[in-house]
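Next comes protein.csv, with CSV, C-alpha atoms (C1' of nucleotides).
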chain,number,residue,atom,x,y,z
I,123,MET,CA,62.6,97.4,100.5
I,124,ASP,CA,65.1,95.9,98.2
I,125,LYS,CA,67.3,92.9,98.2
I,126,GLN,CA,70.3,94.9,99.2
I,127,PHE,CA,68.8,95.3,102.7
I,128,PHE,CA,69.6,91.6,103.4
I,129,SER,CA,73.1,91.5,101.8
I,130,GLY,CA,75.0,92.5,104.9
I,131,ASN,CA,76.1,90.1,107.6
I,132,PRO,CA,73.3,88.4,109.7
I,133,GLU,CA,74.2,90.3,112.8
I,134,ASP,CA,73.6,93.7,111.1
I,135,VAL,CA,70.5,92.6,109.3
I,136,ALA,CA,69.0,91.3,112.6
I,137,GLU,CA,69.4,94.7,114.1
I,138,LYS,CA,68.1,96.5,111.1
I,139,LEU,CA,65.0,94.3,110.9
I,140,LEU,CA,63.8,95.7,114.2
I,141,GLY,CA,60.8,98.1,113.5
I,142,CYS,CA,60.2,96.6,110.1
I,143,GLN,CA,56.8,95.2,109.3
I,144,LEU,CA,55.8,91.6,108.6
I,145,VAL,CA,52.9,91.7,106.1
I,146,ARG,CA,50.8,88.7,105.3
I,147,HIS,CA,47.9,88.5,102.8
I,148,LYS,CA,45.6,85.7,103.7
I,149,ASP,CA,42.2,84.9,102.3
I,150,ASN,CA,41.6,88.6,101.4
I,151,GLN,CA,42.6,89.7,104.8
I,152,ILE,CA,45.8,91.6,105.7
I,153,LEU,CA,47.8,90.8,108.8
I,154,LYS,CA,50.6,93.1,109.9
I,155,GLY,CA,53.0,93.1,112.7
I,156,ARG,CA,56.1,95.1,113.7
I,157,VAL,CA,59.3,93.2,114.3
I,158,VAL,CA,60.4,93.7,117.9
I,159,GLU,CA,62.8,90.8,118.5
I,160,THR,CA,65.3,89.0,116.3
I,161,GLU,CA,68.3,86.6,116.6
I,162,ALA,CA,71.2,86.2,114.2
I,163,TYR,CA,72.6,82.8,113.4
I,164,LEU,CA,75.9,82.7,111.6
I,165,GLY,CA,78.0,80.2,109.6
I,166,GLU,CA,80.2,77.4,110.6
I,167,GLU,CA,82.1,79.4,113.2
I,168,ASP,CA,78.8,79.9,115.3
I,169,PRO,CA,78.3,76.8,117.5
I,170,GLY,CA,74.6,77.7,118.0
I,171,SER,CA,73.8,77.8,114.3
I,172,PHE,CA,72.4,74.9,112.2
I,173,ALA,CA,75.3,75.9,109.8
I,174,SER,CA,77.9,75.0,112.4
I,175,ARG,CA,78.2,71.4,111.3
I,176,GLY,CA,78.5,72.2,107.6
I,177,ARG,CA,76.0,72.4,104.9
I,178,ASN,CA,73.2,69.9,104.7
I,179,VAL,CA,69.7,69.5,103.3
I,180,ARG,CA,68.1,71.4,106.1
I,181,ASN,CA,70.4,74.5,106.2
I,182,SER,CA,71.4,74.9,102.5
I,183,LEU,CA,69.3,78.1,102.2
I,184,MET,CA,71.6,79.7,104.8
I,185,PHE,CA,74.5,79.0,102.5
I,186,GLU,CA,73.0,79.8,99.1
I,187,THR,CA,70.7,82.7,99.5
I,188,TYR,CA,69.9,86.1,101.1
I,189,GLY,CA,66.6,87.9,101.3
I,190,LYS,CA,64.6,84.6,101.3
I,191,PHE,CA,62.4,83.0,103.9
I,192,PHE,CA,63.9,80.0,105.6
I,193,ILE,CA,61.2,78.1,107.5
I,194,TYR,CA,61.5,74.8,109.4
I,195,LEU,CA,59.6,72.8,112.0
I,196,SER,CA,60.8,72.9,115.6
I,197,TYR,CA,59.9,70.3,118.2
I,198,GLY,CA,57.6,68.7,115.7
I,199,VAL,CA,54.9,71.4,116.1
I,200,HIS,CA,56.1,75.0,115.7
I,201,TYR,CA,57.2,76.6,112.5
I,202,MET,CA,60.2,79.0,112.8
I,203,LEU,CA,60.4,82.0,110.5
I,204,ASN,CA,63.9,83.1,109.4
I,205,ILE,CA,65.2,85.3,106.6
I,206,THR,CA,68.5,84.4,105.1
I,207,ALA,CA,71.1,87.1,105.2
I,208,GLY,CA,74.6,87.9,103.8
I,209,ARG,CA,75.6,88.0,100.2
I,210,ASN,CA,79.0,86.7,101.0
I,211,THR,CA,78.4,85.3,104.4
I,212,VAL,CA,76.4,82.3,105.7
I,213,GLY,CA,73.5,82.9,108.0
I,214,SER,CA,70.0,83.9,108.7
I,215,VAL,CA,67.9,85.9,111.1
I,216,LEU,CA,65.2,84.4,113.3
I,217,ILE,CA,62.1,86.5,113.9
I,218,ARG,CA,61.3,85.9,117.5
I,219,ALA,CA,58.5,88.3,118.2
I,220,VAL,CA,56.3,90.9,116.5
I,221,GLU,CA,53.8,93.6,117.8
I,222,PRO,CA,50.4,93.0,116.2
I,223,LEU,CA,49.3,96.0,114.1
I,224,LYS,CA,46.5,94.9,111.8
I,225,GLY,CA,44.2,91.9,111.5
I,226,ILE,CA,44.4,91.2,115.2
I,227,GLU,CA,41.0,89.5,115.2
I,228,ASP,CA,42.1,87.1,112.6
I,229,MET,CA,45.3,86.4,114.6
I,230,LYS,CA,43.2,85.5,117.7
I,231,VAL,CA,41.2,83.0,115.7
I,232,LEU,CA,44.4,81.4,114.2
I,233,ARG,CA,45.9,81.2,117.7
I,234,GLY,CA,42.7,80.2,119.5
I,235,LYS,CA,43.1,83.0,122.0
I,236,GLU,CA,40.7,85.7,123.2
I,237,SER,CA,43.3,88.4,124.2
I,238,VAL,CA,46.2,90.2,122.5
I,239,GLU,CA,48.4,89.2,125.4
I,240,GLY,CA,50.7,86.4,124.4
I,241,LEU,CA,49.5,86.5,120.8
I,242,THR,CA,52.8,86.9,118.9
I,243,ASN,CA,55.5,87.1,121.6
I,244,GLY,CA,57.5,84.0,120.5
I,245,PRO,CA,58.8,82.4,117.3
I,246,GLY,CA,56.2,79.6,117.3
I,247,LYS,CA,53.4,81.9,118.3
I,248,LEU,CA,53.8,84.4,115.6
I,249,THR,CA,54.0,81.9,112.8
I,250,GLN,CA,50.7,80.4,114.1
I,251,ALA,CA,49.1,83.9,114.3
I,252,PHE,CA,50.1,84.7,110.7
I,253,GLY,CA,49.3,81.3,109.2
I,254,ILE,CA,52.9,80.7,108.2
I,255,ASP,CA,54.1,77.2,107.2
I,256,GLU,CA,56.7,75.5,105.0
I,257,TYR,CA,54.9,76.8,101.9
I,258,PHE,CA,56.9,80.0,102.2
I,259,ASN,CA,60.3,78.2,102.6
I,260,GLY,CA,62.7,79.5,99.9
I,261,LYS,CA,60.3,82.3,98.8
I,262,SER,CA,61.5,85.9,98.5
I,263,ALA,CA,61.0,88.1,101.5
I,264,LEU,CA,60.5,91.2,99.2
I,265,GLY,CA,57.2,90.4,97.6
I,266,GLY,CA,54.3,87.9,97.6
I,267,THR,CA,51.6,87.1,100.1
I,268,LEU,CA,54.2,87.1,102.9
I,269,ARG,CA,56.8,89.9,102.9
I,270,ILE,CA,58.9,92.3,104.9
I,271,GLU,CA,58.2,96.1,104.5
I,272,GLU,CA,60.1,99.1,105.9
I,273,GLY,CA,59.3,100.5,109.3
I,274,CYS,CA,60.8,102.4,112.1
I,275,HIS,CA,61.1,102.4,115.9
I,276,GLU,CA,61.6,104.9,118.7
I,277,GLU,CA,62.7,102.4,121.3
I,278,PRO,CA,66.3,101.7,122.1
I,279,VAL,CA,67.9,98.5,120.7
I,280,GLU,CA,68.9,96.1,123.5
I,281,ARG,CA,71.1,93.1,123.1
I,282,SER,CA,71.6,89.8,124.9
I,283,GLY,CA,72.5,86.1,124.5
I,284,ARG,CA,70.2,83.9,122.3
I,285,ILE,CA,67.3,82.0,123.9
I,286,GLY,CA,66.6,78.2,123.9
I,287,ILE,CA,69.9,76.9,122.4
I,288,SER,CA,72.5,74.7,124.1
I,289,ARG,CA,75.6,75.9,122.4
I,290,GLY,CA,76.8,79.4,121.8
I,291,GLU,CA,74.2,80.9,124.1
I,292,ASP,CA,76.7,83.3,125.6
I,293,ILE,CA,77.2,85.1,122.3
I,294,GLU,CA,75.1,88.3,122.2
I,295,LEU,CA,73.2,87.9,118.9
I,296,ARG,CA,69.7,88.5,120.2
I,297,PHE,CA,68.3,92.0,119.5
I,298,TYR,CA,65.1,93.5,120.8
I,299,LEU,CA,63.3,96.8,121.4
I,300,GLY,CA,63.6,97.9,125.0
I,301,GLY,CA,60.4,98.5,126.8
I,302,ASN,CA,58.2,96.9,124.2
I,303,ASP,CA,55.4,94.7,125.6
I,304,PHE,CA,55.6,92.1,122.9
I,305,VAL,CA,59.2,90.9,123.4
I,306,SER,CA,59.2,87.3,124.4
S,187,DA,C1',68.0,51.0,110.9
S,188,DG,C1',67.8,53.3,115.1
S,189,DG,C1',68.4,56.9,118.3
S,190,DA,C1',69.0,61.5,120.1
S,191,DA,C1',68.4,66.3,120.1
S,192,DG,C1',66.0,70.3,119.1
S,193,DA,C1',66.4,78.4,117.4
S,194,DT,C1',59.0,75.9,121.6
S,195,DC,C1',54.7,76.2,123.9
S,196,DT,C1',51.2,75.1,127.2
S,197,DA,C1',49.4,73.4,131.3
S,198,DC,C1',49.9,72.2,135.8
S,199,DT,C1',51.8,72.5,140.6
Z,19,DG,C1',59.2,76.5,138.1
Z,20,DT,C1',59.0,72.2,135.7
Z,21,DA,C1',57.5,68.5,132.7
Z,22,DG,C1',55.4,66.6,128.6
Z,23,DA,C1',53.9,66.7,123.8
Z,24,DT,C1',55.5,65.7,119.3
Z,25,DC,C1',58.0,64.7,114.8
Z,26,DT,C1',61.6,65.9,111.5
Z,27,DT,C1',66.4,65.8,110.6
Z,28,DC,C1',70.8,64.2,111.1
Z,29,DC,C1',74.5,61.2,112.8
Z,30,DT,C1',76.3,56.7,113.9
Z,31,DA,C1',76.5,51.8,113.6
Would you mind writing the file's structure down as structure tokens?
Amino acid sequence: MDKQFFSGNPEDVAEKLLGCQLVRHKDNQILKGRVVETEAYLGEEDPGSFASRGRNVRNSLMFETYGKFFIYLSYGVHYMLNITAGRNTVGSVLIRAVEPLKGIEDMKVLRGKESVEGLTNGPGKLTQAFGIDEYFNGKSALGGTLRIEEGCHEEPVERSGRIGISRGEDIELRFYLGGNDFVS
DNA sequence: AGGAAGATCTACT
DNA sequence: GTAGATCTTCCTA
């Protein structure tokens, strides 16, 4: 995986990320998950994006970088995991769901759950399962104790409007793997 | 200085 | 299906 992967516009990067692996090294354990659902957030022209009202302290990473993690707290309790995209465009990609591959027992402990069902099928759930917080904000997605690695998928890519936003929800910028059980 | 909204999740009915 | 928790950030006065 090289930085070039994230240089395209957020919409293309969001689709390309499907099937890639999210890898986390934590306390000598390795946690892995396969990305099955993403959403693209664009620049000032996208009413659903944090970038729509111009650059500010919170969204500056969307303007300045690509290939870096962008993490923020939502509703005071859940960390959202994004990766900035676009060398010449503003935006980022939200990871909404992953399929657990490795370290599932550790994920259950972090989530306080007994079963795999509902373990990582939501943006706030997967950050909890992987032990992700603002420590990773601004760090490269290419290396380190949290990173993205290459992967593949057999499932067809489906597309829909984005979830949980009040403006721009009719724009189809959500991508997911059809038939996968871990889509939110 | 204060208020409102928010890229969510869980529990309860 | 719906309501409540919870707290940071940004916008307005």
Next item on the list: Identify every residue of chain S that has at least one atom within 10 Å of any atom of chain I, counting all atoms listed in the file, and report the result as a ChimeraX atom specification.
Entry: /S:191-195
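Residues from chain Z found within 7 Å of chain I are DT24, DC25 and DT26 of chain Z, counting only C-alpha atoms (C1' of nucleotides).
Pairwise distance (atom CA of I:Leu223, atom CA of I:Phe192) equals 23.3 Å.
Between atom CA of I:Thr249 and atom CA of I:Leu299 lies a distance of 19.6 Å.
Shortest atom-to-atom contact with I:Gly130 among I:Gly234, I:Arg209, I:Tyr257, I:Gly176: I:Arg209, counting all atoms listed in the file.
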Item checked: Nearest to Z:DC28, chosen from I:Gly253, I:Asn181, I:Arg289, I:Val212, with only C-alpha atoms (C1' of nucleotides) counted in the distances -> I:Asn181
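The nearest approach to I:Gln151 among the residues I:Ser214, I:Lys125, I:Asp134, I:Glu227, with all atoms listed in the file taken into account, belongs to I:Glu227.
Taking atom CA of I:Ser174 as the reference point, atom CA of I:Gly290 is found at 10.4 Å.
By chain and then residue number, the residues within 9 Å of I:Gly155 are Cys142, Gln143, Leu144, Val145, Arg146, Leu153, Val157, Val220, Glu221, Pro222, Leu223, Lys224, Gly225 and Thr242 of chain I, counting only C-alpha atoms (C1' of nucleotides) and disregarding those fewer than 2 positions away in sequence.
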